[in-house]
>>> print(open('my_file28.cif').read())   # mmCIF, N, CA and C atoms
data_run
#
loop_
_atom_site.group_PDB
_atom_site.id
_atom_site.type_symbol
_atom_site.label_atom_id
_atom_site.label_comp_id
_atom_site.auth_asym_id
_atom_site.auth_seq_id
_atom_site.Cartn_x
_atom_site.Cartn_y
_atom_site.Cartn_z
ATOM 1 N N MET N 7 90.008 109.194 65.048
ATOM 2 C CA MET N 7 91.204 110.010 65.068
ATOM 3 C C MET N 7 91.118 111.073 63.958
ATOM 4 N N PRO N 8 91.441 112.334 64.250
ATOM 5 C CA PRO N 8 91.333 113.379 63.220
ATOM 6 C C PRO N 8 92.426 113.262 62.157
ATOM 7 N N LYS N 9 92.169 113.909 61.041
ATOM 8 C CA LYS N 9 93.139 113.902 59.948
ATOM 9 C C LYS N 9 94.366 114.726 60.331
ATOM 10 N N MET N 10 95.531 114.368 59.737
ATOM 11 C CA MET N 10 96.753 115.146 59.937
ATOM 12 C C MET N 10 96.640 116.444 59.129
ATOM 13 N N LYS N 11 96.976 117.569 59.742
ATOM 14 C CA LYS N 11 96.965 118.830 59.016
ATOM 15 C C LYS N 11 98.284 118.996 58.262
ATOM 16 N N THR N 12 98.200 119.591 57.076
ATOM 17 C CA THR N 12 99.396 119.888 56.295
ATOM 18 C C THR N 12 100.127 121.044 56.958
ATOM 19 N N HIS N 13 101.429 120.947 57.073
ATOM 20 C CA HIS N 13 102.246 122.002 57.669
ATOM 21 C C HIS N 13 102.298 123.186 56.705
ATOM 22 N N SER N 14 101.810 124.352 57.143
ATOM 23 C CA SER N 14 101.661 125.514 56.260
ATOM 24 C C SER N 14 102.986 126.004 55.697
ATOM 25 N N GLY N 15 104.026 126.037 56.528
ATOM 26 C CA GLY N 15 105.337 126.487 56.060
ATOM 27 C C GLY N 15 105.922 125.562 55.017
ATOM 28 N N THR N 16 105.669 124.271 55.170
ATOM 29 C CA THR N 16 106.207 123.282 54.237
ATOM 30 C C THR N 16 105.508 123.363 52.887
ATOM 31 N N LYS N 17 104.208 123.538 52.883
ATOM 32 C CA LYS N 17 103.487 123.569 51.608
ATOM 33 C C LYS N 17 103.845 124.802 50.778
ATOM 34 N N LYS N 18 104.324 125.867 51.435
ATOM 35 C CA LYS N 18 104.758 127.059 50.709
ATOM 36 C C LYS N 18 106.149 126.889 50.105
ATOM 37 N N ARG N 19 106.965 126.029 50.674
ATOM 38 C CA ARG N 19 108.376 125.917 50.281
ATOM 39 C C ARG N 19 108.703 124.758 49.352
ATOM 40 N N PHE N 20 107.832 123.744 49.276
ATOM 41 C CA PHE N 20 108.144 122.549 48.498
ATOM 42 C C PHE N 20 107.023 122.224 47.531
ATOM 43 N N LYS N 21 107.390 121.645 46.369
ATOM 44 C CA LYS N 21 106.417 121.191 45.387
ATOM 45 C C LYS N 21 106.696 119.716 45.097
ATOM 46 N N VAL N 22 105.636 118.948 44.867
ATOM 47 C CA VAL N 22 105.779 117.529 44.556
ATOM 48 C C VAL N 22 105.579 117.347 43.062
ATOM 49 N N THR N 23 106.506 116.630 42.402
ATOM 50 C CA THR N 23 106.398 116.369 40.970
ATOM 51 C C THR N 23 105.424 115.226 40.727
ATOM 52 N N GLY N 24 105.135 114.982 39.474
ATOM 53 C CA GLY N 24 104.236 113.897 39.103
ATOM 54 C C GLY N 24 104.776 112.531 39.483
ATOM 55 N N THR N 25 106.100 112.390 39.489
ATOM 56 C CA THR N 25 106.713 111.109 39.836
ATOM 57 C C THR N 25 106.925 110.947 41.339
ATOM 58 N N GLY N 26 106.590 111.991 42.131
ATOM 59 C CA GLY N 26 106.693 111.892 43.580
ATOM 60 C C GLY N 26 107.949 112.494 44.180
ATOM 61 N N LYS N 27 108.814 113.073 43.335
ATOM 62 C CA LYS N 27 110.001 113.743 43.867
ATOM 63 C C LYS N 27 109.596 115.076 44.474
ATOM 64 N N ILE N 28 110.378 115.539 45.431
ATOM 65 C CA ILE N 28 110.085 116.826 46.065
ATOM 66 C C ILE N 28 111.105 117.853 45.597
ATOM 67 N N MET N 29 110.604 118.990 45.087
ATOM 68 C CA MET N 29 111.454 120.053 44.581
ATOM 69 C C MET N 29 111.515 121.181 45.602
ATOM 70 N N LYS N 30 112.688 121.834 45.665
ATOM 71 C CA LYS N 30 112.863 122.968 46.564
ATOM 72 C C LYS N 30 113.551 124.103 45.830
ATOM 73 N N GLN N 31 113.379 125.310 46.351
ATOM 74 C CA GLN N 31 114.047 126.486 45.803
ATOM 75 C C GLN N 31 115.475 126.528 46.318
ATOM 76 N N GLN N 32 116.408 126.820 45.442
ATOM 77 C CA GLN N 32 117.808 126.937 45.819
ATOM 78 C C GLN N 32 118.013 128.189 46.672
ATOM 79 N N ALA N 33 118.837 128.116 47.706
ATOM 80 C CA ALA N 33 119.118 129.261 48.571
ATOM 81 C C ALA N 33 120.083 130.218 47.886
ATOM 82 N N GLY N 34 120.057 131.491 48.290
ATOM 83 C CA GLY N 34 121.045 132.456 47.836
ATOM 84 C C GLY N 34 120.552 133.462 46.817
ATOM 85 N N MET N 35 119.221 133.596 46.642
ATOM 86 C CA MET N 35 118.699 134.545 45.649
ATOM 87 C C MET N 35 117.919 135.692 46.296
ATOM 88 N N ARG N 36 118.207 135.998 47.544
ATOM 89 C CA ARG N 36 117.453 137.032 48.244
ATOM 90 C C ARG N 36 118.155 138.388 48.266
ATOM 91 N N HIS N 37 119.462 138.407 48.392
ATOM 92 C CA HIS N 37 120.176 139.684 48.505
ATOM 93 C C HIS N 37 121.576 139.566 47.924
ATOM 94 N N ASN N 38 122.262 140.716 47.803
ATOM 95 C CA ASN N 38 123.609 140.826 47.221
ATOM 96 C C ASN N 38 123.655 140.290 45.794
ATOM 97 N N LEU N 39 122.601 140.505 45.020
ATOM 98 C CA LEU N 39 122.518 139.958 43.673
ATOM 99 C C LEU N 39 123.425 140.689 42.689
ATOM 100 N N GLU N 40 123.747 141.955 42.987
ATOM 101 C CA GLU N 40 124.619 142.701 42.077
ATOM 102 C C GLU N 40 126.058 142.176 42.109
ATOM 103 N N VAL N 41 126.426 141.487 43.189
ATOM 104 C CA VAL N 41 127.773 140.928 43.332
ATOM 105 C C VAL N 41 127.893 139.609 42.554
ATOM 106 N N LYS N 42 126.810 138.877 42.483
ATOM 107 C CA LYS N 42 126.827 137.546 41.872
ATOM 108 C C LYS N 42 126.765 137.644 40.347
ATOM 109 N N SER N 43 127.429 136.705 39.689
ATOM 110 C CA SER N 43 127.449 136.704 38.224
ATOM 111 C C SER N 43 126.101 136.223 37.677
ATOM 112 N N THR N 44 125.842 136.552 36.418
ATOM 113 C CA THR N 44 124.588 136.154 35.767
ATOM 114 C C THR N 44 124.481 134.635 35.695
ATOM 115 N N LYS N 45 125.596 133.970 35.425
ATOM 116 C CA LYS N 45 125.627 132.507 35.352
ATOM 117 C C LYS N 45 125.252 131.900 36.698
ATOM 118 N N ARG N 46 125.802 132.462 37.774
ATOM 119 C CA ARG N 46 125.521 131.971 39.129
ATOM 120 C C ARG N 46 124.066 132.203 39.508
ATOM 121 N N LYS N 47 123.533 133.384 39.149
ATOM 122 C CA LYS N 47 122.139 133.697 39.471
ATOM 123 C C LYS N 47 121.171 132.786 38.735
ATOM 124 N N SER N 48 121.463 132.467 37.472
ATOM 125 C CA SER N 48 120.569 131.577 36.725
ATOM 126 C C SER N 48 120.615 130.159 37.276
ATOM 127 N N ARG N 49 121.777 129.741 37.761
ATOM 128 C CA ARG N 49 121.895 128.416 38.384
ATOM 129 C C ARG N 49 121.117 128.361 39.696
ATOM 130 N N LEU N 50 121.199 129.439 40.476
ATOM 131 C CA LEU N 50 120.505 129.479 41.759
ATOM 132 C C LEU N 50 118.991 129.609 41.601
ATOM 133 N N ASN N 51 118.556 130.121 40.451
ATOM 134 C CA ASN N 51 117.138 130.399 40.236
ATOM 135 C C ASN N 51 116.326 129.159 39.855
ATOM 136 N N THR N 52 116.992 128.061 39.512
ATOM 137 C CA THR N 52 116.263 126.850 39.130
ATOM 138 C C THR N 52 115.921 126.020 40.359
ATOM 139 N N ASP N 53 114.813 125.300 40.285
ATOM 140 C CA ASP N 53 114.423 124.408 41.381
ATOM 141 C C ASP N 53 115.350 123.200 41.426
ATOM 142 N N GLN N 54 115.475 122.623 42.607
ATOM 143 C CA GLN N 54 116.385 121.509 42.824
ATOM 144 C C GLN N 54 115.635 120.365 43.504
ATOM 145 N N VAL N 55 116.019 119.135 43.182
ATOM 146 C CA VAL N 55 115.413 117.962 43.824
ATOM 147 C C VAL N 55 115.942 117.875 45.248
ATOM 148 N N LEU N 56 115.048 117.635 46.190
ATOM 149 C CA LEU N 56 115.417 117.527 47.596
ATOM 150 C C LEU N 56 116.240 116.270 47.838
ATOM 151 N N ALA N 57 117.173 116.339 48.780
ATOM 152 C CA ALA N 57 118.017 115.191 49.116
ATOM 153 C C ALA N 57 117.153 114.044 49.632
ATOM 154 N N LYS N 58 117.562 112.811 49.302
ATOM 155 C CA LYS N 58 116.792 111.626 49.672
ATOM 156 C C LYS N 58 116.612 111.497 51.181
ATOM 157 N N ALA N 59 117.622 111.930 51.943
ATOM 158 C CA ALA N 59 117.566 111.813 53.398
ATOM 159 C C ALA N 59 116.457 112.677 54.005
ATOM 160 N N ASP N 60 116.101 113.786 53.333
ATOM 161 C CA ASP N 60 115.104 114.717 53.865
ATOM 162 C C ASP N 60 113.683 114.438 53.388
ATOM 163 N N THR N 61 113.533 113.602 52.361
ATOM 164 C CA THR N 61 112.211 113.428 51.756
ATOM 165 C C THR N 61 111.183 112.812 52.700
ATOM 166 N N LYS N 62 111.601 111.889 53.562
ATOM 167 C CA LYS N 62 110.660 111.223 54.459
ATOM 168 C C LYS N 62 109.997 112.228 55.398
ATOM 169 N N VAL N 63 110.794 113.128 55.968
ATOM 170 C CA VAL N 63 110.278 114.128 56.906
ATOM 171 C C VAL N 63 109.344 115.101 56.198
ATOM 172 N N ILE N 64 109.749 115.575 55.018
ATOM 173 C CA ILE N 64 108.954 116.554 54.274
ATOM 174 C C ILE N 64 107.629 115.947 53.805
ATOM 175 N N LYS N 65 107.666 114.691 53.361
ATOM 176 C CA LYS N 65 106.411 114.035 52.939
ATOM 177 C C LYS N 65 105.445 113.892 54.114
ATOM 178 N N LYS N 66 105.956 113.650 55.301
ATOM 179 C CA LYS N 66 105.114 113.557 56.484
ATOM 180 C C LYS N 66 104.467 114.899 56.799
ATOM 181 N N LEU N 67 105.257 115.976 56.691
ATOM 182 C CA LEU N 67 104.727 117.313 56.948
ATOM 183 C C LEU N 67 103.698 117.722 55.894
ATOM 184 N N LEU N 68 103.880 117.253 54.652
ATOM 185 C CA LEU N 68 102.932 117.572 53.587
ATOM 186 C C LEU N 68 101.683 116.699 53.641
ATOM 187 N N GLY N 69 101.710 115.658 54.431
ATOM 188 C CA GLY N 69 100.559 114.770 54.552
ATOM 189 C C GLY N 69 100.485 113.750 53.435
ATOM 190 N N LEU N 70 101.619 113.367 52.889
ATOM 191 C CA LEU N 70 101.648 112.377 51.796
ATOM 192 C C LEU N 70 101.897 110.985 52.320
#
>>> encode(input="my_file28.cif", output="structure tokens")
Amino acid sequence: MPKMKTHSGTKKRFKVTGTGKIMKQQAGMRHNLEVKSTKRKSRLNTDQVLAKADTKVIKKLLGL
């Protein structure tokens, strides 16, 4: 049986930490940035831990 290929879109969007958690980019930093406050933009700019319910699917797509 051949090896599972890593999903290309998933590997671009998610990073795995050393402890095995999956990090994702927060949504909302693409447009209308002049309207948003500096505090809001800095909060949106940090990576976020993926919800536990989604980790199983994402790990499968990443080949973990």
>>> axis_aligned_box(input="my_file28.cif", around="segment 34-47 of chain N", padding_each_side="6 Å", output="AutoDock Vina command-line options")
--center_x 122.7 --center_y 137.1 --center_z 41.9 --size_x 22.4 --size_y 23.2 --size_z 25.2
>>> resolve_selection(input="my_file28.cif", expression="the PyMOL selection byres (((chain N and resi 68 and name CA) around 8) and name CA)", output="JSON, numbers by chain")
{"N": [12, 13, 16, 17, 64, 65, 66, 67, 69, 70]}
>>> select_by_dssp(input="my_file28.cif", residues="chain N", states="strand (DSSP E or B)", output="list in words")
Phe20, Lys21, Val22, Ile28, Met29, Lys30, Gln31, Asp53, Gln54 and Val55 of chain N
>>> residues_around(input="my_file28.cif", residues="Val55 of chain N", least_positions_apart="3", cutoff="6 Å", atoms="only N, CA and C atoms", output="MDAnalysis selection string")
chainID N and resid 28:30
>>> atom_distance(input="my_file28.cif", atom1="atom CA of Thr25 of chain N", atom2="atom C of Gln54 of chain N")
13.4 Å
>>> select_by_dssp(input="my_file28.cif", residues="segment 13-51 of chain N", states="alpha helix (DSSP H)", output="ChimeraX atom specification")
/N:14-19,44-50
>>> atom_distance(input="my_file28.cif", atom1="atom C of His37 of chain N", atom2="atom C of Arg19 of chain N")
19.7 Å
>>> build_atoms(input="my_file28.cif", residues="segment 31-42 of chain N", atoms="all heavy atoms", output="PDB file, keeping the file's coordinate frame")
ATOM      1  N   GLN N  31     113.379 125.310  46.351  1.00  0.00           N
ATOM      2  CA  GLN N  31     114.047 126.486  45.803  1.00  0.00           C
ATOM      3  C   GLN N  31     115.475 126.528  46.318  1.00  0.00           C
ATOM      4  O   GLN N  31     115.721 126.269  47.490  1.00  0.00           O
ATOM      5  CB  GLN N  31     113.304 127.756  46.244  1.00  0.00           C
ATOM      6  CG  GLN N  31     113.841 129.043  45.651  1.00  0.00           C
ATOM      7  CD  GLN N  31     113.417 129.242  44.218  1.00  0.00           C
ATOM      8  OE1 GLN N  31     112.294 128.934  43.860  1.00  0.00           O
ATOM      9  NE2 GLN N  31     114.323 129.738  43.396  1.00  0.00           N
ATOM     10  N   GLN N  32     116.408 126.820  45.442  1.00  0.00           N
ATOM     11  CA  GLN N  32     117.808 126.937  45.819  1.00  0.00           C
ATOM     12  C   GLN N  32     118.013 128.189  46.672  1.00  0.00           C
ATOM     13  O   GLN N  32     117.411 129.228  46.412  1.00  0.00           O
ATOM     14  CB  GLN N  32     118.646 127.017  44.546  1.00  0.00           C
ATOM     15  CG  GLN N  32     120.128 127.063  44.740  1.00  0.00           C
ATOM     16  CD  GLN N  32     120.748 125.705  44.963  1.00  0.00           C
ATOM     17  OE1 GLN N  32     120.062 124.699  44.961  1.00  0.00           O
ATOM     18  NE2 GLN N  32     122.031 125.678  45.157  1.00  0.00           N
ATOM     19  N   ALA N  33     118.837 128.116  47.706  1.00  0.00           N
ATOM     20  CA  ALA N  33     119.118 129.261  48.571  1.00  0.00           C
ATOM     21  C   ALA N  33     120.083 130.218  47.886  1.00  0.00           C
ATOM     22  O   ALA N  33     120.843 129.833  47.013  1.00  0.00           O
ATOM     23  CB  ALA N  33     119.710 128.778  49.883  1.00  0.00           C
ATOM     24  N   GLY N  34     120.057 131.491  48.290  1.00  0.00           N
ATOM     25  CA  GLY N  34     121.045 132.456  47.836  1.00  0.00           C
ATOM     26  C   GLY N  34     120.552 133.462  46.817  1.00  0.00           C
ATOM     27  O   GLY N  34     121.364 134.124  46.176  1.00  0.00           O
ATOM     28  N   MET N  35     119.221 133.596  46.642  1.00  0.00           N
ATOM     29  CA  MET N  35     118.699 134.545  45.649  1.00  0.00           C
ATOM     30  C   MET N  35     117.919 135.692  46.296  1.00  0.00           C
ATOM     31  O   MET N  35     117.068 136.310  45.657  1.00  0.00           O
ATOM     32  CB  MET N  35     117.784 133.818  44.666  1.00  0.00           C
ATOM     33  CG  MET N  35     118.504 133.119  43.546  1.00  0.00           C
ATOM     34  SD  MET N  35     119.356 134.234  42.420  1.00  0.00           S
ATOM     35  CE  MET N  35     118.001 134.939  41.524  1.00  0.00           C
ATOM     36  N   ARG N  36     118.207 135.998  47.544  1.00  0.00           N
ATOM     37  CA  ARG N  36     117.453 137.032  48.244  1.00  0.00           C
ATOM     38  C   ARG N  36     118.155 138.388  48.266  1.00  0.00           C
ATOM     39  O   ARG N  36     117.499 139.419  48.178  1.00  0.00           O
ATOM     40  CB  ARG N  36     117.173 136.602  49.690  1.00  0.00           C
ATOM     41  CG  ARG N  36     116.247 135.415  49.810  1.00  0.00           C
ATOM     42  CD  ARG N  36     114.844 135.780  49.427  1.00  0.00           C
ATOM     43  NE  ARG N  36     113.961 134.638  49.542  1.00  0.00           N
ATOM     44  CZ  ARG N  36     112.737 134.602  49.061  1.00  0.00           C
ATOM     45  NH1 ARG N  36     112.237 135.625  48.434  1.00  0.00           N
ATOM     46  NH2 ARG N  36     112.011 133.523  49.197  1.00  0.00           N
ATOM     47  N   HIS N  37     119.462 138.407  48.392  1.00  0.00           N
ATOM     48  CA  HIS N  37     120.176 139.684  48.505  1.00  0.00           C
ATOM     49  C   HIS N  37     121.576 139.566  47.924  1.00  0.00           C
ATOM     50  O   HIS N  37     122.013 138.473  47.561  1.00  0.00           O
ATOM     51  CB  HIS N  37     120.236 140.147  49.962  1.00  0.00           C
ATOM     52  CG  HIS N  37     120.884 139.172  50.879  1.00  0.00           C
ATOM     53  ND1 HIS N  37     122.241 139.086  51.068  1.00  0.00           N
ATOM     54  CD2 HIS N  37     120.365 138.176  51.646  1.00  0.00           C
ATOM     55  CE1 HIS N  37     122.513 138.114  51.924  1.00  0.00           C
ATOM     56  NE2 HIS N  37     121.399 137.525  52.279  1.00  0.00           N
ATOM     57  N   ASN N  38     122.262 140.716  47.803  1.00  0.00           N
ATOM     58  CA  ASN N  38     123.609 140.826  47.221  1.00  0.00           C
ATOM     59  C   ASN N  38     123.655 140.290  45.794  1.00  0.00           C
ATOM     60  O   ASN N  38     124.651 139.713  45.359  1.00  0.00           O
ATOM     61  CB  ASN N  38     124.651 140.085  48.069  1.00  0.00           C
ATOM     62  CG  ASN N  38     124.816 140.669  49.447  1.00  0.00           C
ATOM     63  OD1 ASN N  38     124.384 141.793  49.699  1.00  0.00           O
ATOM     64  ND2 ASN N  38     125.427 139.931  50.335  1.00  0.00           N
ATOM     65  N   LEU N  39     122.601 140.505  45.020  1.00  0.00           N
ATOM     66  CA  LEU N  39     122.518 139.958  43.673  1.00  0.00           C
ATOM     67  C   LEU N  39     123.425 140.689  42.689  1.00  0.00           C
ATOM     68  O   LEU N  39     123.828 140.117  41.678  1.00  0.00           O
ATOM     69  CB  LEU N  39     121.064 139.978  43.182  1.00  0.00           C
ATOM     70  CG  LEU N  39     120.093 139.117  43.990  1.00  0.00           C
ATOM     71  CD1 LEU N  39     118.681 139.300  43.493  1.00  0.00           C
ATOM     72  CD2 LEU N  39     120.476 137.656  43.949  1.00  0.00           C
ATOM     73  N   GLU N  40     123.747 141.955  42.987  1.00  0.00           N
ATOM     74  CA  GLU N  40     124.619 142.701  42.077  1.00  0.00           C
ATOM     75  C   GLU N  40     126.058 142.176  42.109  1.00  0.00           C
ATOM     76  O   GLU N  40     126.817 142.361  41.163  1.00  0.00           O
ATOM     77  CB  GLU N  40     124.589 144.195  42.404  1.00  0.00           C
ATOM     78  CG  GLU N  40     125.062 144.543  43.807  1.00  0.00           C
ATOM     79  CD  GLU N  40     124.307 145.715  44.423  1.00  0.00           C
ATOM     80  OE1 GLU N  40     123.392 146.249  43.795  1.00  0.00           O
ATOM     81  OE2 GLU N  40     124.662 146.081  45.549  1.00  0.00           O
ATOM     82  N   VAL N  41     126.426 141.487  43.189  1.00  0.00           N
ATOM     83  CA  VAL N  41     127.773 140.928  43.332  1.00  0.00           C
ATOM     84  C   VAL N  41     127.893 139.609  42.554  1.00  0.00           C
ATOM     85  O   VAL N  41     128.959 139.285  42.039  1.00  0.00           O
ATOM     86  CB  VAL N  41     128.099 140.702  44.833  1.00  0.00           C
ATOM     87  CG1 VAL N  41     129.441 140.034  45.021  1.00  0.00           C
ATOM     88  CG2 VAL N  41     128.031 142.006  45.598  1.00  0.00           C
ATOM     89  N   LYS N  42     126.810 138.877  42.483  1.00  0.00           N
ATOM     90  CA  LYS N  42     126.827 137.546  41.872  1.00  0.00           C
ATOM     91  C   LYS N  42     126.765 137.644  40.347  1.00  0.00           C
ATOM     92  O   LYS N  42     126.090 138.513  39.796  1.00  0.00           O
ATOM     93  CB  LYS N  42     125.645 136.724  42.400  1.00  0.00           C
ATOM     94  CG  LYS N  42     125.771 136.442  43.882  1.00  0.00           C
ATOM     95  CD  LYS N  42     124.485 135.971  44.506  1.00  0.00           C
ATOM     96  CE  LYS N  42     124.668 135.862  46.007  1.00  0.00           C
ATOM     97  NZ  LYS N  42     123.416 135.859  46.731  1.00  0.00           N
TER      98      LYS N  42
END
